[in-house]
Amino acid sequence: MSQVFISQHPLVAHKLAKLRSTQTEPKKFRELVREITILLAYEATADLQIQPVQVQTPLGTAPGAELLEKIGLVPILRAGLGMVEGIWEMMPSAEVWHIGIYRDEKTLKPVQYYNKLPTEPRVSVCLILDPMLATGGSAVATVDILKQWGVRRIKFVGLIGAPEGIQNMQQHHPDVPIHLAAVDDHLNEIGYIVPGLGDAGDRQFGTG
């Protein structure tokens with residue numbers, strides 16, 4: 001579990017409790033997803049490389065820093081879309097690349113249906129965004145795609161993980177850090193995290 005980072009921030013715990021509640025309507029649900037993502041991304045990007053710069057202030061010159069690395073955001077469609085806005089607020093220059101993967105309801109295996117990556121990567125670090133790390137199939141498949149594309153540094157950022165999904169990711173990609181707000185108990189027979197929060201996509205877009 002050395003590459004699994006579970007946030008200990010009180011605000012994350014507070015907002016996650018509200019996110020789980022069946023009383024939370026789609027508009028508030030989307031707001032909470034954005035807010036929790038900001039907090040998780042703050043922790044997930046703590047090791048980004050910077051270089052020193054000098055900044056002119058109204059009263060003189062101050063030492064500062066600027067990012068050396070270009071960031072790519074890879075939301076797994078569709079539920080991952082709700083996580084993009086929060087990170088964009090902090091890193092507006094981040095590029096966004098879409099990968100569409102759905103889970104076959106019978107086999108619980110990932111099926112890719114959309115991939116809009118350019119020929120070569122233009123970023124040095126990719127953050128995979130998906131609210132739920134359930135079976136881990138979609139996350140593993142996305143990392144496979146990104147590594148084949150040529151990305152060297154990849155991180156997964158999600159809201160809730162299941163032990164099964166974490167184990168799957170670590171088995172296939174032990175080099176990829178996993179940043180989560182919580183780890184829940186188990187998956188049910190149809191691959192949903194228990195207690196979880198239901199279907200993150202349906203709850204964001206009001207389609208459940």
# chains A, B, ... in the order shown; residues from 1 in each chain; ligands from 1

$ residues_around --residues "stretch 4-10 of chain A" --least-positions-apart "3" --cutoff "7 Å" --atoms "only C-alpha atoms" --output "list of chain:residue names"
A:Met1, A:Ala13, A:His14, A:Pro177, A:Ile178, A:His179, A:Leu180, A:Ala181, A:Ala182

$ residues_around --residues "stretch 149-154 of chain A" --least-positions-apart "5" --cutoff "8 Å" --atoms "only C-alpha atoms" --output "number ranges by chain"
A: 119-121, 123-128, 143, 176-177

$ write_last_selection --atoms "N, CA and C atoms" --output "CSV table (one decimal), in the first residue's frame"
chain,number,residue,atom,x,y,z
A,119,THR,N,-0.9,12.2,-31.4
A,119,THR,CA,0.1,11.2,-31.8
A,119,THR,C,1.1,11.0,-30.7
A,120,GLU,N,1.6,12.1,-30.1
A,120,GLU,CA,2.6,12.0,-29.1
A,120,GLU,C,2.2,12.8,-27.9
A,121,PRO,N,2.6,12.4,-26.7
A,121,PRO,CA,2.2,13.2,-25.5
A,121,PRO,C,2.9,14.6,-25.4
A,123,VAL,N,2.6,16.3,-22.5
A,123,VAL,CA,2.7,16.6,-21.1
A,123,VAL,C,3.7,15.6,-20.4
A,124,SER,N,4.1,16.0,-19.3
A,124,SER,CA,5.1,15.1,-18.6
A,124,SER,C,4.4,14.3,-17.4
A,125,VAL,N,3.3,14.8,-16.9
A,125,VAL,CA,2.6,14.1,-15.8
A,125,VAL,C,1.1,14.1,-16.2
A,126,CYS,N,0.5,12.9,-16.1
A,126,CYS,CA,-0.9,12.7,-16.3
A,126,CYS,C,-1.6,12.3,-15.0
A,127,LEU,N,-2.7,13.0,-14.8
A,127,LEU,CA,-3.6,12.6,-13.7
A,127,LEU,C,-4.9,12.0,-14.2
A,128,ILE,N,-5.0,10.7,-13.9
A,128,ILE,CA,-6.3,10.0,-14.3
A,128,ILE,C,-7.3,10.3,-13.3
A,143,VAL,N,-4.3,3.4,-17.7
A,143,VAL,CA,-2.8,3.4,-17.5
A,143,VAL,C,-2.1,2.7,-18.7
A,176,VAL,N,2.2,3.4,-10.1
A,176,VAL,CA,1.2,4.5,-10.3
A,176,VAL,C,0.7,4.9,-8.9
A,177,PRO,N,0.9,6.1,-8.3
A,177,PRO,CA,0.4,6.5,-7.1
A,177,PRO,C,-1.2,6.6,-7.2

$ atom_distance --atom1 "atom CA of A:Gln148" --atom2 "atom CA of A:Lys70"
18.7 Å

$ residues_around --residues "A:Pro75" --least-positions-apart "5" --cutoff "12 Å" --atoms "only C-alpha atoms" --output "ChimeraX atom specification"
/A:37,80-85,87,95-101,114-116,126-132,138-139,142-143,155-158

$ write_last_selection --atoms "N, CA and C atoms" --output "mmCIF file, in the first residue's frame"
data_model
loop_
_atom_site.group_PDB
_atom_site.id
_atom_site.type_symbol
_atom_site.label_atom_id
_atom_site.label_comp_id
_atom_site.auth_asym_id
_atom_site.auth_seq_id
_atom_site.Cartn_x
_atom_site.Cartn_y
_atom_site.Cartn_z
ATOM 1 N N THR A 37 -12.154 17.250 -5.213
ATOM 2 C CA THR A 37 -11.088 17.069 -6.199
ATOM 3 C C THR A 37 -9.994 18.101 -6.026
ATOM 4 N N GLY A 80 -15.715 10.907 -14.688
ATOM 5 C CA GLY A 80 -14.514 11.680 -14.423
ATOM 6 C C GLY A 80 -14.594 13.128 -14.848
ATOM 7 N N LEU A 81 -15.549 13.454 -15.710
ATOM 8 C CA LEU A 81 -15.682 14.832 -16.198
ATOM 9 C C LEU A 81 -15.907 15.821 -15.066
ATOM 10 N N GLY A 82 -16.651 15.404 -14.049
ATOM 11 C CA GLY A 82 -16.971 16.311 -12.949
ATOM 12 C C GLY A 82 -15.766 16.693 -12.109
ATOM 13 N N MET A 83 -14.656 15.983 -12.279
ATOM 14 C CA MET A 83 -13.456 16.267 -11.491
ATOM 15 C C MET A 83 -12.529 17.259 -12.186
ATOM 16 N N VAL A 84 -12.744 17.488 -13.473
ATOM 17 C CA VAL A 84 -11.832 18.342 -14.242
ATOM 18 C C VAL A 84 -11.884 19.790 -13.781
ATOM 19 N N GLU A 85 -13.079 20.312 -13.572
ATOM 20 C CA GLU A 85 -13.238 21.737 -13.274
ATOM 21 C C GLU A 85 -12.457 22.154 -12.035
ATOM 22 N N ILE A 87 -9.669 20.892 -10.760
ATOM 23 C CA ILE A 87 -8.232 20.991 -11.008
ATOM 24 C C ILE A 87 -7.929 22.160 -11.932
ATOM 25 N N GLU A 95 -3.735 20.463 -19.765
ATOM 26 C CA GLU A 95 -4.424 19.938 -20.947
ATOM 27 C C GLU A 95 -5.366 18.818 -20.518
ATOM 28 N N VAL A 96 -6.445 18.659 -21.265
ATOM 29 C CA VAL A 96 -7.424 17.622 -20.953
ATOM 30 C C VAL A 96 -7.555 16.685 -22.144
ATOM 31 N N TRP A 97 -7.358 15.401 -21.877
ATOM 32 C CA TRP A 97 -7.495 14.370 -22.909
ATOM 33 C C TRP A 97 -8.553 13.379 -22.458
ATOM 34 N N HIS A 98 -9.450 13.043 -23.372
ATOM 35 C CA HIS A 98 -10.588 12.192 -23.017
ATOM 36 C C HIS A 98 -10.378 10.748 -23.467
ATOM 37 N N ILE A 99 -10.649 9.842 -22.546
ATOM 38 C CA ILE A 99 -10.664 8.416 -22.849
ATOM 39 C C ILE A 99 -12.004 7.857 -22.368
ATOM 40 N N GLY A 100 -12.730 7.243 -23.271
ATOM 41 C CA GLY A 100 -14.041 6.685 -22.934
ATOM 42 C C GLY A 100 -13.948 5.190 -22.697
ATOM 43 N N ILE A 101 -14.251 4.769 -21.476
ATOM 44 C CA ILE A 101 -14.238 3.349 -21.123
ATOM 45 C C ILE A 101 -15.496 3.062 -20.298
ATOM 46 N N TYR A 114 -13.824 5.266 -26.824
ATOM 47 C CA TYR A 114 -13.413 6.588 -27.301
ATOM 48 C C TYR A 114 -11.991 6.861 -26.835
ATOM 49 N N ASN A 115 -11.179 7.400 -27.750
ATOM 50 C CA ASN A 115 -9.791 7.746 -27.426
ATOM 51 C C ASN A 115 -9.380 8.897 -28.330
ATOM 52 N N LYS A 116 -9.144 10.073 -27.757
ATOM 53 C CA LYS A 116 -8.818 11.263 -28.531
ATOM 54 C C LYS A 116 -7.441 11.789 -28.148
ATOM 55 N N CYS A 126 0.500 12.893 -16.076
ATOM 56 C CA CYS A 126 -0.932 12.730 -16.329
ATOM 57 C C CYS A 126 -1.650 12.333 -15.041
ATOM 58 N N LEU A 127 -2.747 13.003 -14.770
ATOM 59 C CA LEU A 127 -3.612 12.644 -13.650
ATOM 60 C C LEU A 127 -4.860 11.978 -14.216
ATOM 61 N N ILE A 128 -5.036 10.701 -13.913
ATOM 62 C CA ILE A 128 -6.262 10.003 -14.299
ATOM 63 C C ILE A 128 -7.337 10.346 -13.287
ATOM 64 N N LEU A 129 -8.488 10.766 -13.766
ATOM 65 C CA LEU A 129 -9.571 11.205 -12.885
ATOM 66 C C LEU A 129 -10.779 10.280 -13.028
ATOM 67 N N ASP A 130 -11.173 9.667 -11.927
ATOM 68 C CA ASP A 130 -12.364 8.812 -11.911
ATOM 69 C C ASP A 130 -12.851 8.744 -10.468
ATOM 70 N N PRO A 131 -14.099 9.135 -10.207
ATOM 71 C CA PRO A 131 -14.564 9.182 -8.821
ATOM 72 C C PRO A 131 -14.450 7.852 -8.076
ATOM 73 N N MET A 132 -14.717 6.742 -8.787
ATOM 74 C CA MET A 132 -14.780 5.454 -8.113
ATOM 75 C C MET A 132 -13.727 4.489 -8.661
ATOM 76 N N SER A 138 -11.140 -0.178 -15.419
ATOM 77 C CA SER A 138 -11.029 1.020 -16.258
ATOM 78 C C SER A 138 -9.730 1.764 -15.979
ATOM 79 N N ALA A 139 -9.343 1.829 -14.715
ATOM 80 C CA ALA A 139 -8.106 2.521 -14.355
ATOM 81 C C ALA A 139 -6.898 1.800 -14.939
ATOM 82 N N THR A 142 -6.757 2.396 -18.648
ATOM 83 C CA THR A 142 -6.343 3.758 -18.964
ATOM 84 C C THR A 142 -4.845 3.932 -18.791
ATOM 85 N N VAL A 143 -4.289 3.370 -17.725
ATOM 86 C CA VAL A 143 -2.841 3.434 -17.532
ATOM 87 C C VAL A 143 -2.125 2.715 -18.676
ATOM 88 N N LYS A 155 -0.554 9.417 -12.354
ATOM 89 C CA LYS A 155 -1.145 9.295 -11.022
ATOM 90 C C LYS A 155 -2.653 9.100 -11.188
ATOM 91 N N PHE A 156 -3.242 8.365 -10.258
ATOM 92 C CA PHE A 156 -4.693 8.188 -10.242
ATOM 93 C C PHE A 156 -5.274 9.009 -9.103
ATOM 94 N N VAL A 157 -6.308 9.799 -9.414
ATOM 95 C CA VAL A 157 -6.992 10.597 -8.394
ATOM 96 C C VAL A 157 -8.472 10.219 -8.419
ATOM 97 N N GLY A 158 -8.970 9.717 -7.303
ATOM 98 C CA GLY A 158 -10.372 9.323 -7.208
ATOM 99 C C GLY A 158 -10.951 9.711 -5.866
#

$ select_by_dssp --residues "stretch 5-177 of chain A" --states "alpha helix (DSSP H)" --output "PyMOL selection string"
chain A and resi 10-20+26-44+81-90+137-149+163-172
